[in-house]
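Input: a single structure, listed below in structure tokens.
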Amino acid sequence: MNKTDTSTRQGAYKSNSINTQDSRMRRHEVTIELRKSKKEDQMFKRRNINDEDLTSPLKELNGQSPVQLSTDEIVAAMHSDDAERQFLGMQQARKMLSRERNPPIDLMIGHGIVPICIRFLQNTDNPMLQFEAAWALTNIASGTSDQTRQVIDQNAVPHFINLLQSKSINLAEQAVWALGNIAGDGAAARDIVIQHNVIDGILRLINNDTPLSFLRNIVWLMSNLCRNKNPSPPFEEVKRLLPVLSHLLLSQDIQVLADACWALSYVTDDDNNKIQAVVDTDAVPRLVNLLQTDEPSIIVPALRSVGNIVTGTDQQTDAVIAAGGLPKLGLLLQHSKSNIVKEAAWTVSNITAGNQLQIQAVLDAGIFDQIRQVLEKGDYKAQKEAAWAVTNTTTSGTPEQIVDLIEKYKLLKPFIDLLDAKDARTIKVVQTGLSNLFALAEKMGGIDNLCLMVEEMGGLDKLEALQQHENEDVYKKAYAIIDAYFSTGDDDAAERELAPQEVNGALEFNATQPKAPEGGYTF
């Protein structure tokens with residue numbers, strides 16, 4: 001995205017003749033920016049704090065009674081040989097860890113309850129004790145990485161994997177929840193969970209009879225198994241989830257749909273082979289269909305998945321176009337949420353970085369009307385992505401397509417106005433687009449008309465002002481455009497041209513000023 005001169009400019013685009021590695025770098029930079037609000041978009045760790053949400057037969061026993069024992073008494077009870085006292089101590093420990101605010105996780109870890117809980121996980125003769133232990137460990141694993149590491153290092157993961165086969169659906173669900181928290185901690189923890197064959201375990205749990213609350217937790221675990229990079233998850237394992245995730249896109253449940261879309265967004269945020277694996281599951285039409293929902297929690301990850309797919313090959317981009325993606329992107333460019341507009345513009349910019357048939361599809365869908373609105377009135381981040389959509393078209397499009405941007409869609413004025421943007425990156429995108437336009441006008445013999453249009457729209461003044469810009473790339477590019485297209489030669493010639501001319505005995509200023517052609521400007 002931070003391309004600084006014409007030799008590297010094309011690296012920001014996607015067509016076959018262009019450096020795809022640089023394109024990938026631009027996409028990752030954009031993706032990092034798009035994900036800054038990720039904790040609001042999707043939770044990677046969740047605590048089980050509300051008894052009322054349980055479908056467990058233990059609910060009546062648990063009630064809402066407060067913790068009645070001190071920490072030392074709890075630990076002593078957990079160490080007891082008496083089964084009833086063990087259960088009482090375990091349940092009291094779980095309740096302390098289920099406090100909505102400031103649960104004493106470090107205190108409980110310091111008192112050594114993690115290995116006791118893991119021992120209780122293995123007590124198959126007492127599923128109620130297993131459940132309380134699993135719940136407590138779930139909440140410990142919902143904490144910091146250090147706290148989660150305590151659970152991992154005590155070898156809890158294989159015991160949770162075993163519990164996925166429990167006859168108690170509540171116990172299996174609590175194990176899924178715990179594994180989701182562990183996998184959500186990062187790439188290393190995620191891979192430990194995968195190495196213990198979690199995917200075999202959860203695939204067996206999904207069928208037409210799976211309760212909705214259980215299914216939601218399973219799909220959330222799936223999304224965490226697909227998440228994180230450096231390294232990415234082992235693809236041969238994750239690939240086994242893709243047909244199930246694609247099928248889950250047909251669900252009617254908001255949480256299931258959102259987490260399935262997040263999972264696919266993580267998989268597609270990688271190389272073209274992984275994108276193709278998603279395309280091969282028939283997920284693209286389903287993802288595109290979800291772009292028209294009214295639920296932002298679904299739109300955001302579905303849009304990100306689609307946006308990732310169109311950064312792939314031309315054939316992968318064509319799959320999105322064939323599924324009817326462009327009209328839906330046009331509507332999302334008018335969405336009330338600025339982050340959705342921004343991501344829709346980013347997606348369009350990746351399509352216009354493709355081939356000329358794809359650019360024509362964008363033109364035919366009328367999307368540049370919405371791009372103009374974003375350029376004029378959008379959030380500054382959305383404006384930058386809309387500017388990329390224009391600049392990519394000026395790079396990869398035919399002369400006729402590029403002329404359409406100016407004459408049919410009237411994009412030049414709002415595009416030029418972004419030279420006043422506060423973000424240097426946006427300015428450089430616009431400067432690159434303008435350079436492309438001037439180069440085309442020069443080939444078509446329309447340089448004088450374009451210069452006049454740019455000047456009358458305030459572009460020359462803005463370019464001159466940018467020669468004082470603090471960013472070196474910006475002022476060098478501004479100088480280069482002015483020098484190449486607005487320089488009048490030597491000063492004497494300029495003065496002669498500007499001198500008043502005598503007409504019928506009177507002085508007339510600007511006698512040589514070119515007149516605007518009737519019907520507007522053309523190349």
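So you can find residues: chains in the structure tokens are A, B, ... in the order shown, residues in each start at 1, and ligands are numbered from 1 in order.
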Which residues are close to Lys422 in chain A, i.e. within 12 Å by only C-alpha atoms, leaving aside same-chain residues fewer than 4 positions away? Reply as a ChimeraX atom specification.
/A:380-381,383-384,417-418,426-428,466,469-471,474
Include N, CA and C atoms and write out the residues we just selected as a short mmCIF file (atom, residue, chain, number, x, y, z; two decimals), in the first residue's frame.
data_model
loop_
_atom_site.label_atom_id
_atom_site.label_comp_id
_atom_site.auth_asym_id
_atom_site.auth_seq_id
_atom_site.Cartn_x
_atom_site.Cartn_y
_atom_site.Cartn_z
N TYR A 380 -12.80 8.37 6.28
CA TYR A 380 -11.53 8.50 5.57
C TYR A 380 -10.89 7.16 5.22
N LYS A 381 -11.13 6.14 6.04
CA LYS A 381 -10.58 4.82 5.72
C LYS A 381 -11.30 4.21 4.52
N GLN A 383 -12.72 6.03 2.21
CA GLN A 383 -12.29 6.84 1.07
C GLN A 383 -10.99 6.31 0.48
N LYS A 384 -10.07 5.90 1.33
CA LYS A 384 -8.80 5.38 0.83
C LYS A 384 -9.02 4.12 0.01
N ASP A 417 -10.19 15.74 -4.99
CA ASP A 417 -10.40 16.36 -3.68
C ASP A 417 -9.68 15.59 -2.57
N LEU A 418 -9.43 14.30 -2.79
CA LEU A 418 -8.72 13.52 -1.78
C LEU A 418 -7.23 13.87 -1.71
N THR A 426 -3.35 7.81 1.43
CA THR A 426 -4.46 8.11 0.53
C THR A 426 -4.01 9.05 -0.58
N ILE A 427 -3.24 10.06 -0.21
CA ILE A 427 -2.75 11.03 -1.20
C ILE A 427 -1.92 10.31 -2.26
N LYS A 428 -1.06 9.38 -1.84
CA LYS A 428 -0.20 8.68 -2.80
C LYS A 428 -1.02 7.79 -3.74
N LEU A 466 0.99 20.41 -2.21
CA LEU A 466 1.62 19.16 -1.76
C LEU A 466 3.13 19.18 -1.92
N HIS A 469 4.54 19.25 1.35
CA HIS A 469 4.08 18.21 2.27
C HIS A 469 5.26 17.59 3.03
N GLU A 470 4.99 17.18 4.26
CA GLU A 470 6.06 16.62 5.09
C GLU A 470 6.52 15.24 4.62
N ASN A 471 5.66 14.54 3.87
CA ASN A 471 6.02 13.21 3.37
C ASN A 471 6.82 13.36 2.06
N VAL A 474 5.19 12.07 -1.17
CA VAL A 474 4.07 12.90 -1.62
C VAL A 474 4.59 14.12 -2.37
#
Could you please write out, as number ranges by chain, every residue of range 204-393 of chain A that DSSP assigns to alpha helix (DSSP H)?
A: 212-226, 235-238, 242-248, 254-268, 272-279, 283-290, 296-309, 314-322, 325-332, 338-351, 356-364, 367-377, 380-393
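Proximity to Ala188 in chain A was assessed for A:Leu242, A:Leu225, A:Leu332, A:Ile447 counting only C-alpha atoms; the smallest distance is recorded for A:Leu225.
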Distance in Å - CA of Lys95 in chain A versus CA of Leu69 in chain A
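We find that CA of Lys95 in chain A and CA of Leu69 in chain A lie 10.6 Å from each other.
Every protein, DNA or RNA residue with an atom at most 9 Å from Phe120 in chain A, where only C-alpha atoms count and chain neighbours fewer than 2 positions away do not, is listed here: Met90, Pro115, Ile116, Cys117, Ile118, Gln122, Asn123, Thr124, Asn126, Leu129, Gln130, Phe131, Glu132, Ala133 and Ala134 of chain A.
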In terms of the shortest atom-to-atom distance over only C-alpha atoms, which of A:Leu303, A:Val390, A:Val219, A:Leu452 is closest to Val429 in chain A?
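Checking each candidate against Val429 in chain A, we get A:Val390 as the closest.
CA of Asn181 in chain A lies 25.2 Å from CA of Glu295 in chain A.
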Who sits within 10 Å of Leu257 in chain A, only C-alpha atoms, same chain under 5 positions skipped, as a list in words
Arg216, Val219, Leu245, Ser246, Leu248, Leu249, Leu250, Ser251, Gln252, Trp262, Ala263, Leu287, Leu290, Ser297, Ile298, Ile299, Pro301 and Ala302 of chain A
With all heavy atoms retained, export the selected residues as a compact mmCIF listing (two decimals), in the first residue's frame.
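File produced: result-v1.txt:
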# COMPACT_ATOMS: atom_id res chain seq x y z
N ARG A 216 -23.44 -24.23 18.68
CA ARG A 216 -22.80 -22.91 18.71
C ARG A 216 -21.38 -22.99 19.28
O ARG A 216 -20.45 -22.38 18.74
CB ARG A 216 -23.63 -21.94 19.57
CG ARG A 216 -24.92 -21.48 18.92
CD ARG A 216 -25.76 -20.71 19.92
NE ARG A 216 -26.95 -20.14 19.31
CZ ARG A 216 -27.94 -19.60 20.00
NH1 ARG A 216 -27.89 -19.58 21.33
NH2 ARG A 216 -28.98 -19.08 19.38
N VAL A 219 -18.98 -24.75 16.74
CA VAL A 219 -18.58 -23.91 15.60
C VAL A 219 -17.62 -22.82 16.06
O VAL A 219 -16.67 -22.46 15.35
CB VAL A 219 -19.83 -23.31 14.91
CG1 VAL A 219 -19.43 -22.45 13.72
CG2 VAL A 219 -20.77 -24.42 14.46
N LEU A 245 -18.18 -26.53 7.60
CA LEU A 245 -18.36 -25.07 7.73
C LEU A 245 -19.19 -24.53 6.58
O LEU A 245 -20.06 -23.67 6.78
CB LEU A 245 -16.99 -24.38 7.77
CG LEU A 245 -16.19 -24.59 9.06
CD1 LEU A 245 -14.74 -24.15 8.87
CD2 LEU A 245 -16.83 -23.83 10.22
N SER A 246 -18.94 -25.02 5.37
CA SER A 246 -19.73 -24.57 4.22
C SER A 246 -21.20 -24.93 4.41
O SER A 246 -22.10 -24.11 4.15
CB SER A 246 -19.18 -25.20 2.94
OG SER A 246 -19.96 -24.83 1.82
N LEU A 248 -22.74 -25.33 7.21
CA LEU A 248 -23.28 -24.54 8.31
C LEU A 248 -23.70 -23.14 7.85
O LEU A 248 -24.45 -22.45 8.56
CB LEU A 248 -22.26 -24.44 9.45
CG LEU A 248 -22.04 -25.72 10.25
CD1 LEU A 248 -20.80 -25.61 11.12
CD2 LEU A 248 -23.26 -26.05 11.11
N LEU A 249 -23.22 -22.70 6.68
CA LEU A 249 -23.64 -21.40 6.15
C LEU A 249 -25.12 -21.40 5.77
O LEU A 249 -25.69 -20.35 5.49
CB LEU A 249 -22.80 -21.02 4.92
CG LEU A 249 -21.30 -20.83 5.17
CD1 LEU A 249 -20.59 -20.50 3.86
CD2 LEU A 249 -21.05 -19.72 6.20
N LEU A 250 -25.73 -22.57 5.78
CA LEU A 250 -27.17 -22.67 5.50
C LEU A 250 -28.00 -22.59 6.78
O LEU A 250 -29.23 -22.64 6.73
CB LEU A 250 -27.47 -24.00 4.78
CG LEU A 250 -26.74 -24.20 3.45
CD1 LEU A 250 -26.98 -25.61 2.92
CD2 LEU A 250 -27.17 -23.16 2.43
N SER A 251 -27.34 -22.48 7.92
CA SER A 251 -28.04 -22.40 9.21
C SER A 251 -28.90 -21.14 9.28
O SER A 251 -28.70 -20.17 8.54
CB SER A 251 -27.01 -22.39 10.34
OG SER A 251 -27.62 -22.08 11.59
N GLN A 252 -29.85 -21.15 10.18
CA GLN A 252 -30.68 -19.97 10.43
C GLN A 252 -30.27 -19.24 11.70
O GLN A 252 -30.86 -18.21 12.04
CB GLN A 252 -32.16 -20.39 10.55
CG GLN A 252 -32.72 -21.07 9.32
CD GLN A 252 -32.69 -20.17 8.09
OE1 GLN A 252 -33.16 -19.04 8.12
NE2 GLN A 252 -32.10 -20.67 7.00
N TRP A 262 -16.51 -16.47 10.26
CA TRP A 262 -15.19 -16.11 10.79
C TRP A 262 -14.18 -17.19 10.47
O TRP A 262 -13.04 -16.91 10.05
CB TRP A 262 -15.26 -15.89 12.30
CG TRP A 262 -15.74 -14.53 12.70
CD1 TRP A 262 -16.86 -14.23 13.41
CD2 TRP A 262 -15.11 -13.27 12.41
NE1 TRP A 262 -16.98 -12.86 13.57
CE2 TRP A 262 -15.92 -12.26 12.96
CE3 TRP A 262 -13.96 -12.89 11.72
CZ2 TRP A 262 -15.61 -10.90 12.86
CZ3 TRP A 262 -13.65 -11.55 11.60
CH2 TRP A 262 -14.46 -10.58 12.17
N ALA A 263 -14.56 -18.45 10.67
CA ALA A 263 -13.64 -19.55 10.38
C ALA A 263 -13.17 -19.50 8.92
O ALA A 263 -11.97 -19.62 8.63
CB ALA A 263 -14.31 -20.90 10.68
N LEU A 287 -21.76 -17.58 0.99
CA LEU A 287 -21.18 -16.37 1.60
C LEU A 287 -21.75 -15.12 0.96
O LEU A 287 -22.11 -14.16 1.66
CB LEU A 287 -19.66 -16.39 1.44
CG LEU A 287 -18.89 -17.39 2.31
CD1 LEU A 287 -17.46 -17.54 1.81
CD2 LEU A 287 -18.89 -16.93 3.77
N LEU A 290 -25.15 -14.30 2.17
CA LEU A 290 -25.18 -13.74 3.53
C LEU A 290 -24.85 -12.24 3.55
O LEU A 290 -25.08 -11.58 4.57
CB LEU A 290 -24.21 -14.50 4.44
CG LEU A 290 -24.62 -15.94 4.76
CD1 LEU A 290 -23.51 -16.67 5.51
CD2 LEU A 290 -25.93 -15.98 5.56
N SER A 297 -23.21 -8.70 12.54
CA SER A 297 -22.28 -9.71 13.06
C SER A 297 -22.05 -10.84 12.05
O SER A 297 -21.06 -11.56 12.14
CB SER A 297 -22.80 -10.29 14.38
OG SER A 297 -23.98 -11.03 14.18
N ILE A 298 -22.96 -10.98 11.09
CA ILE A 298 -22.78 -11.94 10.00
C ILE A 298 -22.13 -11.26 8.79
O ILE A 298 -21.23 -11.82 8.16
CB ILE A 298 -24.13 -12.57 9.59
CG1 ILE A 298 -24.72 -13.37 10.76
CG2 ILE A 298 -23.96 -13.45 8.35
CD1 ILE A 298 -26.14 -13.85 10.51
N ILE A 299 -22.58 -10.05 8.49
CA ILE A 299 -22.07 -9.35 7.30
C ILE A 299 -20.55 -9.20 7.38
O ILE A 299 -19.84 -9.45 6.39
CB ILE A 299 -22.72 -7.97 7.15
CG1 ILE A 299 -24.21 -8.09 6.86
CG2 ILE A 299 -22.04 -7.17 6.02
CD1 ILE A 299 -24.95 -6.76 6.86
N PRO A 301 -17.92 -10.85 8.92
CA PRO A 301 -17.05 -11.97 8.54
C PRO A 301 -17.35 -12.54 7.16
O PRO A 301 -16.44 -13.03 6.48
CB PRO A 301 -17.29 -13.00 9.65
CG PRO A 301 -18.64 -12.69 10.19
CD PRO A 301 -18.78 -11.20 10.08
N ALA A 302 -18.62 -12.49 6.72
CA ALA A 302 -18.94 -12.96 5.37
C ALA A 302 -18.27 -12.07 4.33
O ALA A 302 -17.69 -12.56 3.34
CB ALA A 302 -20.46 -12.98 5.16
Do a neighbour search on range 402-410 of chain A at 10 Å with only C-alpha atoms, toss out local chain neighbours closer than 2 positions, and write the hits as JSON, numbers by chain.
{"A": [359, 363, 366, 367, 368, 369, 370, 371, 372, 390, 391, 393, 394, 395, 396, 397, 398, 399, 400, 412, 413, 414, 415, 436, 437, 440, 441, 520, 521, 522, 523]}
Taking 6 positions as the minimum chain separation for residues in the same chain, which residues sit within 12 Å of Val284 in chain A when counting only C-alpha atoms? Answer as a ChimeraX atom specification.
/A:245-247,249-250,261,264-265,268,275-278,290-291,302-303,305-310,316-325
Length of the CA of Tyr266 in chain A to CA of Ile199 in chain A vector [Å]:
16.7 Å
